[in-house]
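Notes follow the structure.
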Amino acid sequence: MGFFAKPNYSQRRENNSPWTLKAGEHGTAGHNRYRLLPAYGKLAASQKHFLYIPLHFGYKGVSFNKPDSTNPKDLPQRPFRCIQEKDWKSGIIRTSCPQCEKHAEVELVVKRTKDELTKQFKEEGKSDEEAKKLIAEVLEPHMNWLRQYNLDSKYYFAAMNEDGEFNVLKVPSKAKKALEERMKEVIEQEGVDPLDVDQGVWFDFIRTGEGFTDTSYSVDVVYETVVDQQTGKRLKSLKMAPMTAEQVEKAQKVLPELVDIPRILTAEQIQRLVDCGNDPHEVDSIMGIVQRQGTADARARAAAGIPAEEPTPLQPVKPQHQQQPSPAMKPVTPLSVEETDERREFLEFQAMKRRQREAEAKVFAQAPAPEVAVAPDEEPVAAGAPMTPSGAVTKTNTLSSQPASMDDFLGSFGFKPYAAPPSNTQKS
Ligand SMILES: [Zn+2]
């Protein structure tokens, strides 16, 4: 049908951080109106208009603006795709993901620690309340780990907002279910194709609440009131959203391929991340992200009027040796601690470079293709889903056999074994 030619990445200039569904302020319902788009690009042949993407969060790289900072709040998240492929019927993992394996190991530690200590404290005659408190203390680092390294699985749609802007929209599974029902209604009751370029409708994703358990979603289709010219009656009518030629052209220019949403790493790269201790330089090195600014190469490029390369290519690249950033490239506008997510980082970085270019009075024909920055969602996915459930680890490792002692067991994961505090120092 000729719609949605292959996107041209060199022309992508819009907001690259995916849109998310927002709740209203002070516990009110938030309305998020979008016109969803049909399948395009690499997914056109399969007619798939969305993609389910699980992203692992928790690893952090070097800040573009504050390359010398070691403050965890300055360090940008470096999410990457989960590569686990599982046969849900048999539970057999066809492709294992080292980060999921690590996650399952920690969950197993949590489960076994809980069981062991519950038994131990019962034998020692401790009250349930006391036992619960002590177990929580022991498990705190594990729970923190699970919170930090959450898996954020969402459905990604291409969408247009009411301002005529295009971007990728992240939709959680609860909202996706509501959306599917609404789409079915539109097709069956209104006889309208909700995604078709020449038809289309506006969906209103209504979100209430924050957090995984307190958030609820519903999806409405937007109607408008029209006045019947003959009778003067006011009629409720489905608000249609046919796309103009300009909108189609714009969509082609700015939308990324859903299948290319970063970051796609190899199993070997993910294993190295698991083993690296989350040092930001090492994380970037493993992911092939090179801190160009401040290097001799970058200074030479700047002097020659050549724009520095953007970090993070869309495709996985071979890890490169890290380059030490120079303190000479301090950020022009320092960010406040609260403002440092990957998106803002990137925008600031872009702005800094733009100022540099303007200062040099150079005009470049093409903007570099920016990274599709994926900010961590405010709504972490419940631990475990859709990972290997605890106790169902199919891979043979040291965990599948009972360790000699609880201390050995905890110690093998680098966690401090439980030591009972002297009872007389206990404060209630
Ligand atoms: Zn994974």
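Labels for the structure tokens follow display order: chains A, B, ..., residues from 1 in each chain, ligands from 1.
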Which of segment 160-284 of chain A fall in strand (DSSP E), as a ChimeraX atom specification: /A:160,166-171,203-208,216-221,223-227,234-238
Kindly export the residues of the current selection with C-alpha atoms, as a short mmCIF file (atom, residue, chain, number, x, y, z; two decimals), in the first residue's frame.
```cif
data_model
loop_
_atom_site.label_atom_id
_atom_site.label_comp_id
_atom_site.auth_asym_id
_atom_site.auth_seq_id
_atom_site.Cartn_x
_atom_site.Cartn_y
_atom_site.Cartn_z
CA MET A 160 0.48 10.05 17.14
CA PHE A 166 4.86 10.78 16.44
CA ASN A 167 6.62 8.49 18.84
CA VAL A 168 6.66 5.06 20.34
CA LEU A 169 4.11 4.50 23.10
CA LYS A 170 4.78 2.12 25.98
CA VAL A 171 1.65 0.28 27.03
CA PHE A 203 -7.97 6.11 22.07
CA ASP A 204 -8.03 7.58 25.53
CA PHE A 205 -5.89 5.55 27.91
CA ILE A 206 -7.06 6.42 31.39
CA ARG A 207 -4.60 5.74 34.14
CA THR A 208 -5.31 6.03 37.84
CA SER A 216 -5.51 0.74 37.08
CA TYR A 217 -6.14 1.38 33.42
CA SER A 218 -9.15 1.69 31.22
CA VAL A 219 -9.37 2.60 27.56
CA ASP A 220 -12.07 4.70 25.91
CA VAL A 221 -12.65 5.61 22.30
CA TYR A 223 -16.44 10.57 20.53
CA GLU A 224 -17.45 14.03 19.44
CA THR A 225 -20.77 15.81 19.24
CA VAL A 226 -22.00 16.76 15.81
CA VAL A 227 -25.16 18.69 14.95
CA ARG A 234 -26.89 16.91 18.58
CA LEU A 235 -25.46 13.49 17.85
CA LYS A 236 -22.64 11.59 19.44
CA SER A 237 -20.28 10.46 16.74
CA LEU A 238 -17.03 8.55 16.69
#
```
Enumerate residues in contact with ligand 1: an atom-to-atom distance of at most 6 Å, counting only C-alpha atoms and all ligand atoms. Format the result as an NGL selection string. :A and (82-84 or 97 or 99-100)
Take the residues just selected and output them with C-alpha atoms as a PDB file, in the first residue's frame.
```pdb
ATOM      1  CA  CYS A  82      15.905  -9.560  27.708  1.00  0.00           C
ATOM      2  CA  ILE A  83      16.945 -12.336  25.353  1.00  0.00           C
ATOM      3  CA  GLN A  84      15.204 -15.168  27.149  1.00  0.00           C
ATOM      4  CA  CYS A  97      19.312 -14.809  29.456  1.00  0.00           C
ATOM      5  CA  GLN A  99      20.451 -11.517  33.668  1.00  0.00           C
ATOM      6  CA  CYS A 100      17.266 -13.574  34.128  1.00  0.00           C
TER       7      CYS A 100
END
```
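One finds atom CA of Gln148 of chain A at 5.1 Å from atom CA of Gly58 of chain A.
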Rounded to one decimal in Å, what is the spacing between atom CA of Asn161 of chain A and atom CA of Pro194 of chain A? 14.9 Å
Using only C-alpha atoms, can you tell me which of A:Thr244, A:Asn144, A:Asn65, A:Thr231 comes closest to Gly200 of chain A?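 The answer is A:Thr244, which sits nearest to Gly200 of chain A.
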Using only C-alpha atoms, which residue out of A:Ser63, A:Gly209, A:Pro79, A:Leu108 lies closest to Gly24 of chain A?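 Among A:Ser63, A:Gly209, A:Pro79, A:Leu108, it is A:Gly209 that comes nearest to Gly24 of chain A.
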Residues within 8 Å of Pro242 of chain A, please, as a count of residues only. Count only C-alpha atoms; anything in the same chain fewer than 4 positions from it doesn't count. 6
Run DSSP on the backbone and tell me which residues of segment 42-279 of chain A come out as alpha helix (DSSP H); list them as a PDB file with C-alpha atoms, in the first residue's frame.
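Contents of out_38.pdb, as written:
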```
ATOM      1  CA  PRO A  98      22.197 -14.431  31.948  1.00  0.00           C
ATOM      2  CA  GLN A  99      20.451 -11.517  33.668  1.00  0.00           C
ATOM      3  CA  CYS A 100      17.266 -13.574  34.128  1.00  0.00           C
ATOM      4  CA  GLU A 101      19.353 -16.428  35.479  1.00  0.00           C
ATOM      5  CA  LYS A 102      20.966 -14.095  37.990  1.00  0.00           C
ATOM      6  CA  HIS A 103      17.534 -12.792  38.917  1.00  0.00           C
ATOM      7  CA  ALA A 104      16.238 -16.315  39.467  1.00  0.00           C
ATOM      8  CA  GLU A 105      19.284 -17.102  41.611  1.00  0.00           C
ATOM      9  CA  VAL A 106      18.663 -14.106  43.865  1.00  0.00           C
ATOM     10  CA  GLU A 107      14.990 -15.003  44.142  1.00  0.00           C
ATOM     11  CA  LEU A 108      15.972 -18.502  45.115  1.00  0.00           C
ATOM     12  CA  VAL A 109      18.309 -17.142  47.778  1.00  0.00           C
ATOM     13  CA  VAL A 110      15.429 -15.067  49.124  1.00  0.00           C
ATOM     14  CA  LYS A 111      13.098 -18.046  49.228  1.00  0.00           C
ATOM     15  CA  ARG A 112      15.587 -20.409  50.857  1.00  0.00           C
ATOM     16  CA  THR A 113      16.770 -17.826  53.354  1.00  0.00           C
ATOM     17  CA  LYS A 114      13.192 -17.160  54.360  1.00  0.00           C
ATOM     18  CA  ASP A 115      12.449 -20.860  54.795  1.00  0.00           C
ATOM     19  CA  GLU A 116      15.659 -21.623  56.678  1.00  0.00           C
ATOM     20  CA  LEU A 117      15.462 -18.652  59.026  1.00  0.00           C
ATOM     21  CA  THR A 118      11.762 -19.141  59.713  1.00  0.00           C
ATOM     22  CA  LYS A 119      12.548 -22.683  60.802  1.00  0.00           C
ATOM     23  CA  GLN A 120      15.584 -21.583  62.829  1.00  0.00           C
ATOM     24  CA  PHE A 121      13.783 -18.764  64.624  1.00  0.00           C
ATOM     25  CA  LYS A 122      10.873 -21.029  65.444  1.00  0.00           C
ATOM     26  CA  GLU A 123      13.276 -23.470  67.060  1.00  0.00           C
ATOM     27  CA  ASP A 128       6.499 -14.428  64.545  1.00  0.00           C
ATOM     28  CA  GLU A 129       6.814 -10.658  64.600  1.00  0.00           C
ATOM     29  CA  GLU A 130      10.446 -10.749  65.697  1.00  0.00           C
ATOM     30  CA  ALA A 131      11.273 -13.438  63.167  1.00  0.00           C
ATOM     31  CA  LYS A 132       9.649 -11.419  60.389  1.00  0.00           C
ATOM     32  CA  LYS A 133      11.661  -8.337  61.334  1.00  0.00           C
ATOM     33  CA  LEU A 134      14.964 -10.225  61.480  1.00  0.00           C
ATOM     34  CA  ILE A 135      14.319 -11.953  58.169  1.00  0.00           C
ATOM     35  CA  ALA A 136      13.504  -8.612  56.541  1.00  0.00           C
ATOM     36  CA  GLU A 137      16.827  -7.251  57.817  1.00  0.00           C
ATOM     37  CA  VAL A 138      18.764 -10.196  56.423  1.00  0.00           C
ATOM     38  CA  LEU A 139      16.987 -10.027  53.089  1.00  0.00           C
ATOM     39  CA  GLU A 140      17.220  -6.259  52.645  1.00  0.00           C
ATOM     40  CA  PRO A 141      20.206  -6.323  50.247  1.00  0.00           C
ATOM     41  CA  HIS A 142      18.533  -9.037  48.190  1.00  0.00           C
ATOM     42  CA  MET A 143      15.275  -7.123  47.992  1.00  0.00           C
ATOM     43  CA  ASN A 144      17.165  -3.955  47.047  1.00  0.00           C
ATOM     44  CA  TRP A 145      18.921  -5.894  44.328  1.00  0.00           C
ATOM     45  CA  LEU A 146      15.612  -7.192  42.956  1.00  0.00           C
ATOM     46  CA  ARG A 147      14.184  -3.675  42.990  1.00  0.00           C
ATOM     47  CA  GLN A 148      17.209  -2.192  41.229  1.00  0.00           C
ATOM     48  CA  SER A 173      -0.239  -5.354  29.689  1.00  0.00           C
ATOM     49  CA  LYS A 174      -3.283  -4.298  31.744  1.00  0.00           C
ATOM     50  CA  ALA A 175      -3.884  -1.353  29.437  1.00  0.00           C
ATOM     51  CA  LYS A 176      -3.173  -3.488  26.379  1.00  0.00           C
ATOM     52  CA  LYS A 177      -5.970  -5.854  27.374  1.00  0.00           C
ATOM     53  CA  ALA A 178      -8.430  -2.970  27.758  1.00  0.00           C
ATOM     54  CA  LEU A 179      -7.270  -1.576  24.423  1.00  0.00           C
ATOM     55  CA  GLU A 180      -7.910  -4.850  22.619  1.00  0.00           C
ATOM     56  CA  GLU A 181     -11.486  -4.989  23.889  1.00  0.00           C
ATOM     57  CA  ARG A 182     -12.093  -1.427  22.766  1.00  0.00           C
ATOM     58  CA  MET A 183     -10.593  -2.100  19.339  1.00  0.00           C
ATOM     59  CA  LYS A 184     -12.851  -5.084  18.897  1.00  0.00           C
ATOM     60  CA  GLU A 185     -15.886  -2.944  19.752  1.00  0.00           C
ATOM     61  CA  ALA A 245      -0.222  13.017   3.576  1.00  0.00           C
ATOM     62  CA  GLU A 246       1.958  15.321   5.660  1.00  0.00           C
ATOM     63  CA  GLN A 247       1.382  13.208   8.749  1.00  0.00           C
ATOM     64  CA  VAL A 248       2.265  10.020   6.891  1.00  0.00           C
ATOM     65  CA  GLU A 249       5.453  11.632   5.622  1.00  0.00           C
ATOM     66  CA  LYS A 250       6.344  12.867   9.078  1.00  0.00           C
ATOM     67  CA  ALA A 251       5.710   9.443  10.589  1.00  0.00           C
ATOM     68  CA  GLN A 252       8.087   7.893   8.088  1.00  0.00           C
ATOM     69  CA  LYS A 253      10.786  10.340   9.048  1.00  0.00           C
ATOM     70  CA  VAL A 254      10.597  10.210  12.799  1.00  0.00           C
ATOM     71  CA  ALA A 267      24.347 -13.412  25.722  1.00  0.00           C
ATOM     72  CA  GLU A 268      28.083 -12.948  26.164  1.00  0.00           C
ATOM     73  CA  GLN A 269      27.690  -9.197  26.703  1.00  0.00           C
ATOM     74  CA  ILE A 270      24.899  -9.746  29.223  1.00  0.00           C
ATOM     75  CA  GLN A 271      27.009 -12.317  31.074  1.00  0.00           C
ATOM     76  CA  ARG A 272      29.813  -9.777  31.296  1.00  0.00           C
ATOM     77  CA  LEU A 273      27.372  -7.230  32.719  1.00  0.00           C
ATOM     78  CA  VAL A 274      26.226  -9.710  35.341  1.00  0.00           C
ATOM     79  CA  ASP A 275      29.864 -10.259  36.311  1.00  0.00           C
TER      80      ASP A 275
END
```
